[in-house]
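Colleague: Structure file structure21.cif, mmCIF, N, CA and C atoms, is pasted below:
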data_my_file
loop_
_atom_site.label_atom_id
_atom_site.label_comp_id
_atom_site.auth_asym_id
_atom_site.auth_seq_id
_atom_site.Cartn_x
_atom_site.Cartn_y
_atom_site.Cartn_z
N MET P 24 6.95 121.37 -64.90
CA MET P 24 7.77 122.57 -64.91
C MET P 24 7.93 123.08 -63.48
N SER P 25 8.35 122.22 -62.60
CA SER P 25 8.46 122.62 -61.20
C SER P 25 9.82 123.19 -60.87
N ASP P 26 10.83 122.90 -61.66
CA ASP P 26 12.17 123.40 -61.38
C ASP P 26 12.48 124.61 -62.24
N LEU P 27 13.30 125.51 -61.73
CA LEU P 27 13.76 126.64 -62.53
C LEU P 27 14.70 126.13 -63.61
N PRO P 28 14.71 126.76 -64.77
CA PRO P 28 15.61 126.31 -65.84
C PRO P 28 17.05 126.69 -65.52
N ASP P 29 17.96 126.09 -66.26
CA ASP P 29 19.36 126.49 -66.18
C ASP P 29 19.45 127.91 -66.70
N ILE P 30 19.78 128.86 -65.83
CA ILE P 30 19.71 130.27 -66.22
C ILE P 30 21.06 130.85 -66.61
N GLU P 31 22.06 130.02 -66.79
CA GLU P 31 23.40 130.50 -67.12
C GLU P 31 23.42 131.34 -68.40
N ASN P 32 22.71 130.90 -69.43
CA ASN P 32 22.75 131.59 -70.72
C ASN P 32 21.45 132.29 -71.07
N LEU P 33 20.60 132.52 -70.08
CA LEU P 33 19.33 133.16 -70.36
C LEU P 33 19.44 134.68 -70.27
N LYS P 34 18.66 135.34 -71.10
CA LYS P 34 18.54 136.79 -71.01
C LYS P 34 17.44 137.06 -69.99
N VAL P 35 17.77 137.79 -68.95
CA VAL P 35 16.80 138.08 -67.89
C VAL P 35 16.21 139.45 -68.12
N GLU P 36 14.89 139.50 -68.11
CA GLU P 36 14.19 140.76 -68.27
C GLU P 36 13.41 141.05 -67.00
N VAL P 37 13.51 142.26 -66.50
CA VAL P 37 12.73 142.66 -65.35
C VAL P 37 11.81 143.79 -65.81
N ASP P 38 10.52 143.59 -65.67
CA ASP P 38 9.54 144.57 -66.11
C ASP P 38 9.04 145.33 -64.89
N PRO P 39 9.38 146.63 -64.78
CA PRO P 39 8.93 147.39 -63.60
C PRO P 39 7.42 147.59 -63.57
N GLY P 40 6.74 147.31 -64.67
CA GLY P 40 5.30 147.49 -64.71
C GLY P 40 4.51 146.24 -64.33
N LEU P 41 5.19 145.24 -63.78
CA LEU P 41 4.50 144.01 -63.39
C LEU P 41 3.53 144.28 -62.25
N PRO P 42 2.41 143.55 -62.23
CA PRO P 42 1.47 143.73 -61.12
C PRO P 42 2.11 143.30 -59.80
N VAL P 43 1.66 143.90 -58.73
CA VAL P 43 2.21 143.61 -57.41
C VAL P 43 1.93 142.17 -57.01
N ASP P 44 0.77 141.65 -57.38
CA ASP P 44 0.38 140.31 -56.97
C ASP P 44 0.76 139.28 -58.03
N LEU P 45 2.03 138.98 -58.12
CA LEU P 45 2.49 137.97 -59.06
C LEU P 45 2.09 136.59 -58.58
N PRO P 46 1.77 135.69 -59.50
CA PRO P 46 1.53 134.31 -59.07
C PRO P 46 2.79 133.75 -58.42
N THR P 47 2.62 132.80 -57.56
CA THR P 47 3.77 132.21 -56.87
C THR P 47 4.31 130.99 -57.60
N GLU P 48 3.53 130.43 -58.52
CA GLU P 48 3.95 129.26 -59.29
C GLU P 48 4.34 129.68 -60.70
N PRO P 49 5.29 128.97 -61.32
CA PRO P 49 5.66 129.26 -62.72
C PRO P 49 4.49 129.03 -63.66
N TRP P 50 4.47 129.75 -64.78
CA TRP P 50 3.45 129.55 -65.80
C TRP P 50 4.05 129.81 -67.17
N SER P 51 3.33 129.38 -68.20
CA SER P 51 3.79 129.54 -69.58
C SER P 51 2.68 130.14 -70.42
N GLU P 52 3.09 130.89 -71.45
CA GLU P 52 2.16 131.46 -72.41
C GLU P 52 2.70 131.21 -73.80
N TYR P 53 1.83 130.70 -74.68
CA TYR P 53 2.21 130.41 -76.05
C TYR P 53 1.76 131.53 -76.97
N ASP P 54 2.67 132.05 -77.77
CA ASP P 54 2.38 133.08 -78.76
C ASP P 54 2.42 132.40 -80.13
N ALA P 55 1.25 131.96 -80.60
CA ALA P 55 1.17 131.18 -81.83
C ALA P 55 1.58 132.00 -83.05
N ALA P 56 1.29 133.29 -83.04
CA ALA P 56 1.61 134.13 -84.20
C ALA P 56 3.11 134.18 -84.46
N ASN P 57 3.91 134.12 -83.41
CA ASN P 57 5.36 134.22 -83.55
C ASN P 57 6.09 132.91 -83.30
N GLY P 58 5.36 131.83 -82.97
CA GLY P 58 6.00 130.55 -82.69
C GLY P 58 6.88 130.61 -81.46
N VAL P 59 6.43 131.33 -80.44
CA VAL P 59 7.23 131.56 -79.24
C VAL P 59 6.49 131.06 -78.01
N MET P 60 7.21 130.39 -77.13
CA MET P 60 6.67 130.00 -75.84
C MET P 60 7.44 130.78 -74.77
N ASN P 61 6.70 131.54 -73.98
CA ASN P 61 7.32 132.29 -72.88
C ASN P 61 7.03 131.56 -71.58
N HIS P 62 8.08 131.32 -70.80
CA HIS P 62 7.95 130.68 -69.49
C HIS P 62 8.29 131.75 -68.45
N PHE P 63 7.46 131.85 -67.42
CA PHE P 63 7.65 132.86 -66.38
C PHE P 63 7.90 132.16 -65.05
N PHE P 64 8.92 132.62 -64.34
CA PHE P 64 9.30 132.03 -63.06
C PHE P 64 9.38 133.13 -62.01
N PRO P 65 8.39 133.23 -61.11
CA PRO P 65 8.46 134.23 -60.04
C PRO P 65 9.64 133.91 -59.12
N LEU P 66 10.44 134.92 -58.82
CA LEU P 66 11.61 134.73 -57.99
C LEU P 66 11.33 134.97 -56.51
N GLY P 67 10.12 135.37 -56.19
CA GLY P 67 9.72 135.50 -54.79
C GLY P 67 10.01 136.84 -54.16
N ASP P 68 10.70 137.71 -54.85
CA ASP P 68 11.04 139.02 -54.28
C ASP P 68 10.47 140.15 -55.14
N GLY P 69 9.37 139.85 -55.84
CA GLY P 69 8.76 140.84 -56.71
C GLY P 69 9.34 140.87 -58.11
N ARG P 70 10.35 140.03 -58.35
CA ARG P 70 10.96 139.95 -59.68
C ARG P 70 10.48 138.70 -60.38
N LEU P 71 10.63 138.72 -61.70
CA LEU P 71 10.14 137.63 -62.53
C LEU P 71 11.21 137.27 -63.55
N LEU P 72 11.51 135.99 -63.67
CA LEU P 72 12.43 135.50 -64.69
C LEU P 72 11.58 135.07 -65.88
N LYS P 73 11.93 135.54 -67.08
CA LYS P 73 11.20 135.17 -68.29
C LYS P 73 12.17 134.44 -69.21
N LYS P 74 11.80 133.23 -69.60
CA LYS P 74 12.58 132.45 -70.55
C LYS P 74 11.77 132.34 -71.83
N THR P 75 12.37 132.71 -72.95
CA THR P 75 11.67 132.66 -74.23
C THR P 75 12.24 131.52 -75.07
N GLU P 76 11.36 130.63 -75.53
CA GLU P 76 11.74 129.54 -76.41
C GLU P 76 11.22 129.83 -77.80
N PHE P 77 12.09 129.75 -78.79
CA PHE P 77 11.69 129.94 -80.18
C PHE P 77 11.44 128.55 -80.75
N LEU P 78 10.18 128.16 -80.81
CA LEU P 78 9.79 126.78 -81.10
C LEU P 78 10.04 126.36 -82.53
N MET P 79 10.07 127.28 -83.45
CA MET P 79 10.21 126.93 -84.86
C MET P 79 11.67 126.68 -85.25
N THR P 80 12.59 126.86 -84.34
CA THR P 80 14.02 126.77 -84.67
C THR P 80 14.39 125.41 -85.23
N GLN P 81 14.02 124.32 -84.58
CA GLN P 81 14.41 122.99 -85.07
C GLN P 81 13.77 122.69 -86.42
N GLU P 82 12.54 123.12 -86.60
CA GLU P 82 11.86 122.93 -87.88
C GLU P 82 12.62 123.66 -89.00
N LEU P 83 13.08 124.87 -88.72
CA LEU P 83 13.84 125.64 -89.71
C LEU P 83 15.19 124.99 -89.99
N ILE P 84 15.86 124.50 -88.95
CA ILE P 84 17.14 123.81 -89.14
C ILE P 84 16.95 122.60 -90.04
N ASP P 85 15.91 121.82 -89.79
CA ASP P 85 15.63 120.63 -90.61
C ASP P 85 15.34 121.02 -92.06
N GLN P 86 14.55 122.06 -92.25
CA GLN P 86 14.23 122.53 -93.59
C GLN P 86 15.48 123.02 -94.31
N ASN P 87 16.32 123.78 -93.61
CA ASN P 87 17.56 124.27 -94.21
C ASN P 87 18.48 123.12 -94.61
N HIS P 88 18.56 122.11 -93.77
CA HIS P 88 19.40 120.96 -94.08
C HIS P 88 18.89 120.25 -95.34
N ALA P 89 17.58 120.07 -95.42
CA ALA P 89 17.00 119.41 -96.60
C ALA P 89 17.28 120.22 -97.86
N GLU P 90 17.16 121.54 -97.79
CA GLU P 90 17.44 122.39 -98.95
C GLU P 90 18.92 122.34 -99.31
N ALA P 91 19.80 122.30 -98.32
CA ALA P 91 21.23 122.23 -98.59
C ALA P 91 21.59 120.91 -99.28
N MET P 92 20.97 119.81 -98.82
CA MET P 92 21.22 118.52 -99.45
C MET P 92 20.71 118.51 -100.89
N ALA P 93 19.54 119.12 -101.12
CA ALA P 93 18.95 119.14 -102.46
C ALA P 93 19.76 120.01 -103.42
N SER P 94 20.50 120.99 -102.89
CA SER P 94 21.26 121.89 -103.76
C SER P 94 22.67 121.38 -104.05
N GLN P 95 23.05 120.27 -103.43
CA GLN P 95 24.37 119.72 -103.72
C GLN P 95 24.47 119.35 -105.19
N ASN P 96 25.63 119.53 -105.76
CA ASN P 96 25.90 119.20 -107.17
C ASN P 96 25.07 120.02 -108.14
N THR P 97 24.61 121.17 -107.70
CA THR P 97 23.92 122.09 -108.61
C THR P 97 24.77 123.34 -108.74
N ARG P 98 24.62 124.03 -109.84
CA ARG P 98 25.42 125.23 -110.09
C ARG P 98 24.75 126.45 -109.49
N TRP P 99 25.58 127.42 -109.14
CA TRP P 99 25.05 128.71 -108.71
C TRP P 99 24.45 129.38 -109.93
N ARG P 100 23.30 129.97 -109.77
CA ARG P 100 22.63 130.64 -110.88
C ARG P 100 22.99 132.12 -110.88
N ASP P 101 22.85 132.72 -112.04
CA ASP P 101 22.96 134.17 -112.12
C ASP P 101 21.72 134.75 -111.45
N GLY P 102 21.88 135.86 -110.75
CA GLY P 102 20.74 136.47 -110.09
C GLY P 102 20.54 135.90 -108.70
N TYR P 103 19.31 135.58 -108.37
CA TYR P 103 18.94 135.15 -107.02
C TYR P 103 19.26 133.68 -106.78
N THR P 104 20.01 133.40 -105.73
CA THR P 104 20.23 132.05 -105.24
C THR P 104 20.07 132.10 -103.73
N LYS P 105 19.12 131.37 -103.21
CA LYS P 105 18.89 131.34 -101.77
C LYS P 105 20.05 130.61 -101.12
N ILE P 106 20.65 131.25 -100.12
CA ILE P 106 21.80 130.64 -99.45
C ILE P 106 21.56 130.40 -97.96
N ALA P 107 20.51 131.01 -97.38
CA ALA P 107 20.28 130.84 -95.95
C ALA P 107 18.85 131.23 -95.58
N SER P 108 18.38 130.65 -94.48
CA SER P 108 17.14 131.06 -93.82
C SER P 108 17.48 131.21 -92.35
N VAL P 109 17.34 132.42 -91.85
CA VAL P 109 17.73 132.74 -90.47
C VAL P 109 16.49 133.13 -89.69
N PRO P 110 16.30 132.58 -88.48
CA PRO P 110 15.12 132.95 -87.69
C PRO P 110 15.17 134.42 -87.28
N MET P 111 14.00 135.01 -87.12
CA MET P 111 13.90 136.43 -86.81
C MET P 111 14.64 136.82 -85.53
N ASN P 112 14.60 135.95 -84.52
CA ASN P 112 15.28 136.29 -83.27
C ASN P 112 16.79 136.42 -83.46
N LEU P 113 17.38 135.72 -84.42
CA LEU P 113 18.80 135.89 -84.72
C LEU P 113 19.04 137.08 -85.64
N LEU P 114 18.12 137.30 -86.55
CA LEU P 114 18.28 138.41 -87.48
C LEU P 114 18.34 139.74 -86.74
N PHE P 115 17.56 139.88 -85.68
CA PHE P 115 17.48 141.15 -84.97
C PHE P 115 18.18 141.15 -83.62
N ASN P 116 19.09 140.19 -83.36
CA ASN P 116 19.80 140.20 -82.08
C ASN P 116 21.03 141.09 -82.14
N GLU P 117 21.88 140.99 -81.13
CA GLU P 117 23.04 141.86 -81.00
C GLU P 117 24.12 141.64 -82.05
N ASP P 118 24.07 140.53 -82.79
CA ASP P 118 25.11 140.25 -83.79
C ASP P 118 25.11 141.28 -84.92
N GLY P 119 24.02 141.98 -85.11
CA GLY P 119 23.98 143.04 -86.10
C GLY P 119 23.66 142.59 -87.51
N LEU P 120 23.04 141.42 -87.68
CA LEU P 120 22.71 140.95 -89.02
C LEU P 120 21.77 141.92 -89.74
N SER P 121 20.74 142.37 -89.04
CA SER P 121 19.79 143.28 -89.69
C SER P 121 20.46 144.59 -90.07
N LYS P 122 21.37 145.06 -89.21
CA LYS P 122 22.11 146.30 -89.52
C LYS P 122 23.01 146.10 -90.74
N ALA P 123 23.65 144.94 -90.80
CA ALA P 123 24.53 144.64 -91.94
C ALA P 123 23.72 144.54 -93.23
N LEU P 124 22.55 143.92 -93.17
CA LEU P 124 21.69 143.84 -94.35
C LEU P 124 21.28 145.23 -94.82
N LYS P 125 20.86 146.04 -93.87
CA LYS P 125 20.40 147.39 -94.20
C LYS P 125 21.53 148.23 -94.79
N ALA P 126 22.73 148.06 -94.26
CA ALA P 126 23.89 148.83 -94.71
C ALA P 126 24.54 148.25 -95.96
N GLY P 127 24.12 147.06 -96.38
CA GLY P 127 24.73 146.42 -97.54
C GLY P 127 26.14 145.92 -97.25
N ASP P 128 26.39 145.53 -95.99
CA ASP P 128 27.71 145.07 -95.58
C ASP P 128 27.86 143.58 -95.91
N ASP P 129 28.13 143.30 -97.19
CA ASP P 129 28.25 141.92 -97.65
C ASP P 129 29.40 141.17 -96.99
N ALA P 130 30.49 141.88 -96.69
CA ALA P 130 31.64 141.22 -96.06
C ALA P 130 31.25 140.65 -94.69
N TYR P 131 30.51 141.42 -93.90
CA TYR P 131 30.07 140.94 -92.58
C TYR P 131 29.11 139.77 -92.74
N LEU P 132 28.13 139.91 -93.66
CA LEU P 132 27.16 138.84 -93.87
C LEU P 132 27.84 137.56 -94.33
N ASN P 133 28.78 137.67 -95.26
CA ASN P 133 29.51 136.49 -95.73
C ASN P 133 30.30 135.84 -94.60
N ARG P 134 30.98 136.65 -93.79
CA ARG P 134 31.75 136.13 -92.66
C ARG P 134 30.82 135.39 -91.69
N TRP P 135 29.66 135.99 -91.40
CA TRP P 135 28.71 135.39 -90.47
C TRP P 135 28.17 134.08 -91.03
N LEU P 136 27.78 134.08 -92.29
CA LEU P 136 27.21 132.88 -92.90
C LEU P 136 28.25 131.78 -93.12
N ASN P 137 29.51 132.14 -93.30
CA ASN P 137 30.58 131.14 -93.47
C ASN P 137 31.05 130.57 -92.14
N ASP P 138 30.72 131.21 -91.03
CA ASP P 138 31.13 130.76 -89.70
C ASP P 138 30.48 129.40 -89.42
N ALA P 139 31.27 128.44 -88.98
CA ALA P 139 30.76 127.10 -88.70
C ALA P 139 29.64 127.12 -87.65
N ASP P 140 29.66 128.08 -86.73
CA ASP P 140 28.61 128.17 -85.72
C ASP P 140 27.25 128.51 -86.32
N ASN P 141 27.24 129.06 -87.52
CA ASN P 141 25.99 129.47 -88.16
C ASN P 141 25.60 128.58 -89.34
N ARG P 142 26.26 127.44 -89.47
CA ARG P 142 26.02 126.54 -90.60
C ARG P 142 24.58 126.04 -90.65
N ALA P 143 23.91 125.93 -89.53
CA ALA P 143 22.54 125.42 -89.50
C ALA P 143 21.58 126.30 -90.29
N TRP P 144 21.96 127.55 -90.49
CA TRP P 144 21.07 128.48 -91.19
C TRP P 144 21.31 128.50 -92.70
N ARG P 145 22.35 127.81 -93.16
CA ARG P 145 22.68 127.78 -94.58
C ARG P 145 21.75 126.81 -95.32
N THR P 146 21.33 127.20 -96.51
CA THR P 146 20.53 126.33 -97.36
C THR P 146 21.32 125.91 -98.59
N ARG P 147 22.58 126.31 -98.64
CA ARG P 147 23.44 126.00 -99.75
C ARG P 147 24.88 125.91 -99.24
N GLY P 148 25.62 124.92 -99.71
CA GLY P 148 27.00 124.75 -99.28
C GLY P 148 27.93 125.74 -99.97
N GLY P 149 29.19 125.57 -99.71
CA GLY P 149 30.20 126.42 -100.32
C GLY P 149 30.62 127.57 -99.44
N VAL P 150 31.52 128.36 -99.96
CA VAL P 150 32.04 129.52 -99.23
C VAL P 150 31.58 130.76 -99.97
N LEU P 151 31.08 131.74 -99.22
CA LEU P 151 30.62 132.99 -99.81
C LEU P 151 31.76 133.98 -99.90
#
What does the file become when written as structure tokens?
Modeller:
Amino acid sequence: MSDLPDIENLKVEVDPGLPVDLPTEPWSEYDAANGVMNHFFPLGDGRLLKKTEFLMTQELIDQNHAEAMASQNTRWRDGYTKIASVPMNLLFNEDGLSKALKAGDDAYLNRWLNDADNRAWRTRGGVL
């Protein structure tokens, strides 16, 4: 991990409470409870670049795909039918999924889940 990551699409956080004596070399910390790996890159001017990797994402995508394949050629049931599993970092990001859930905005949720960019989170095919 000697090179800085491609920072084009990274969210940069600057913590004003960082200690004055930052390490000069990059380091990583694993948060097992949340399945998150944080990588820290000192920028040399008292600032720190933090890159967060959500490690469980590929595992969830694989699980969702398996569930979607298993649900093919089955009928929708009355009542509860699982249609998606979305990682927490997406549920609570700027897209507003958690707000839409709380508000009961089914139109927004359906639009988001039907979007081809979000197909990896679907556990069931079809259009909502």
Colleague: Have a look at CA of Gly148 (chain P) and CA of Leu78 (chain P) and let me know their distance in Å, one decimal.
Modeller: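 Distance between the two atoms: 25.1 Å.
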Colleague: Mind checking which residues fall within 5 Å of region 106-113 of chain P, counting all atoms listed in the file, ignoring those fewer than 2 positions away in the same chain, and posting them as a list in words?
Modeller: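 Here the answer would be Thr104, Phe115, Asn116, Trp144, Arg145, Thr146 and Arg147 of chain P.
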Colleague: Take the selection from the previous step and output its residues with N, CA and C atoms, as a JSON list (two decimals), keeping the file's coordinate frame.
Modeller:
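That gives us again29.json:
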[["chain", "number", "residue", "atom", "x", "y", "z"],
["P", 104, "THR", "N", 20.01, 133.40, -105.73],
["P", 104, "THR", "CA", 20.23, 132.05, -105.24],
["P", 104, "THR", "C", 20.07, 132.10, -103.73],
["P", 115, "PHE", "N", 17.56, 139.88, -85.68],
["P", 115, "PHE", "CA", 17.48, 141.15, -84.97],
["P", 115, "PHE", "C", 18.18, 141.15, -83.62],
["P", 116, "ASN", "N", 19.09, 140.19, -83.36],
["P", 116, "ASN", "CA", 19.80, 140.20, -82.08],
["P", 116, "ASN", "C", 21.03, 141.09, -82.14],
["P", 144, "TRP", "N", 21.96, 127.55, -90.49],
["P", 144, "TRP", "CA", 21.07, 128.48, -91.19],
["P", 144, "TRP", "C", 21.31, 128.50, -92.70],
["P", 145, "ARG", "N", 22.35, 127.81, -93.16],
["P", 145, "ARG", "CA", 22.68, 127.78, -94.58],
["P", 145, "ARG", "C", 21.75, 126.81, -95.32],
["P", 146, "THR", "N", 21.33, 127.20, -96.51],
["P", 146, "THR", "CA", 20.53, 126.33, -97.36],
["P", 146, "THR", "C", 21.32, 125.91, -98.59],
["P", 147, "ARG", "N", 22.58, 126.31, -98.64],
["P", 147, "ARG", "CA", 23.44, 126.00, -99.75],
["P", 147, "ARG", "C", 24.88, 125.91, -99.24]]
Colleague: I'd like to see the residues matched by the PyMOL selection byres (((chain P and resi 120 and name CA) around 12) and name CA) on this file, and ideally I'd get them as a list in words.
Modeller: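 Evaluating the PyMOL selection byres (((chain P and resi 120 and name CA) around 12) and name CA) on this file yields Val109, Pro110, Met111, Asn112, Leu113, Leu114, Phe115, Asn116, Glu117, Asp118, Gly119, Ser121, Lys122, Ala123, Leu124, Lys125, Ala126, Gly127, Asp128, Asp129, Ala130, Tyr131, Leu132, Asn133, Arg134, Trp135, Leu136 and Asn141 of chain P.
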Colleague: Go through P:Met60, P:Gln95, P:Ala143, P:Pro46 one by one, measure the shortest atom-to-atom distance of each to Leu83 (chain P) using all atoms listed in the file, and give the residue with the smallest value.
Modeller: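 Of P:Met60, P:Gln95, P:Ala143, P:Pro46, the one nearest Leu83 (chain P) is P:Ala143, counting all atoms listed in the file.
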Colleague: Just the strand (DSSP E or B) stuff from region 58-102 of chain P, please, per backbone DSSP, written as a ChimeraX atom specification.
Modeller: /P:59-65,71-77
Colleague: Which residues, named as in the file, does the PyMOL selection byres ((chain P and resi 74) around 6.5) pick out? Answer as a compact mmCIF listing (two decimals) with N, CA and C atoms, keeping the file's coordinate frame.
Modeller:
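Everything below was put into out.txt:
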# COMPACT_ATOMS: atom_id res chain seq x y z
N MET P 60 7.21 130.39 -77.13
CA MET P 60 6.67 130.00 -75.84
C MET P 60 7.44 130.78 -74.77
N ASN P 61 6.70 131.54 -73.98
CA ASN P 61 7.32 132.29 -72.88
C ASN P 61 7.03 131.56 -71.58
N HIS P 62 8.08 131.32 -70.80
CA HIS P 62 7.95 130.68 -69.49
C HIS P 62 8.29 131.75 -68.45
N PHE P 63 7.46 131.85 -67.42
CA PHE P 63 7.65 132.86 -66.38
C PHE P 63 7.90 132.16 -65.05
N PHE P 64 8.92 132.62 -64.34
CA PHE P 64 9.30 132.03 -63.06
C PHE P 64 9.38 133.13 -62.01
N LEU P 72 11.51 135.99 -63.67
CA LEU P 72 12.43 135.50 -64.69
C LEU P 72 11.58 135.07 -65.88
N LYS P 73 11.93 135.54 -67.08
CA LYS P 73 11.20 135.17 -68.29
C LYS P 73 12.17 134.44 -69.21
N THR P 75 12.37 132.71 -72.95
CA THR P 75 11.67 132.66 -74.23
C THR P 75 12.24 131.52 -75.07
N GLU P 76 11.36 130.63 -75.53
CA GLU P 76 11.74 129.54 -76.41
C GLU P 76 11.22 129.83 -77.80
Colleague: How would you write, as a PyMOL selection string, the set of residues in region 70-145 of chain P that DSSP gives as helix (DSSP H, G or I)?
Modeller: chain P and resi 80-93+111-114+120-126+129-137+139-144
Colleague: To one decimal place, how far is atom C of Ala93 (chain P) from atom N of Val150 (chain P) in Å?
Modeller: 14.8 Å
Colleague: May I ask for the distance between atom N of Ser51 (chain P) and atom C of Leu66 (chain P), given in Å to one decimal place?
Modeller: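 A separation of 15.2 Å between them.
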Colleague: P:Asn87, P:Pro65, P:Ser94, P:Trp99: which is nearest Pro49 (chain P), counting only C-alpha atoms?
Modeller: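 Checking each candidate against Pro49 (chain P), we get P:Pro65 as the closest.
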Colleague: Under the rule that only C-alpha atoms are counted, which of P:Tyr53, P:Gly58, P:Gly69, P:Arg142 is the nearest residue to Asp85 (chain P)?
Modeller: P:Arg142
Colleague: When you count only C-alpha atoms, which of these residues is closest to Ala91 (chain P): P:Tyr103, P:Glu48, P:Gly149, P:Met79?
Modeller: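 For Ala91 (chain P), the nearest of the candidates is P:Gly149.
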Colleague: Considering only C-alpha atoms, state which residue in the set P:Phe77, P:Lys105, P:Thr97, P:Leu71 is at the smallest distance from Val59 (chain P).
Modeller: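 Nearest candidate to Val59 (chain P) out of P:Phe77, P:Lys105, P:Thr97, P:Leu71: P:Phe77.
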Colleague: Padding of 8 Å on every side, edges along x, y and z, all listed atoms of region 60-71 of chain P included: what centre and edge lengths in Å, to one decimal, does that box have, as lines of an AutoDock Vina configuration file?
Modeller:
center_x = 9.1
center_y = 135.4
center_z = -65.6
size_x = 20.9
size_y = 26.9
size_z = 39.0
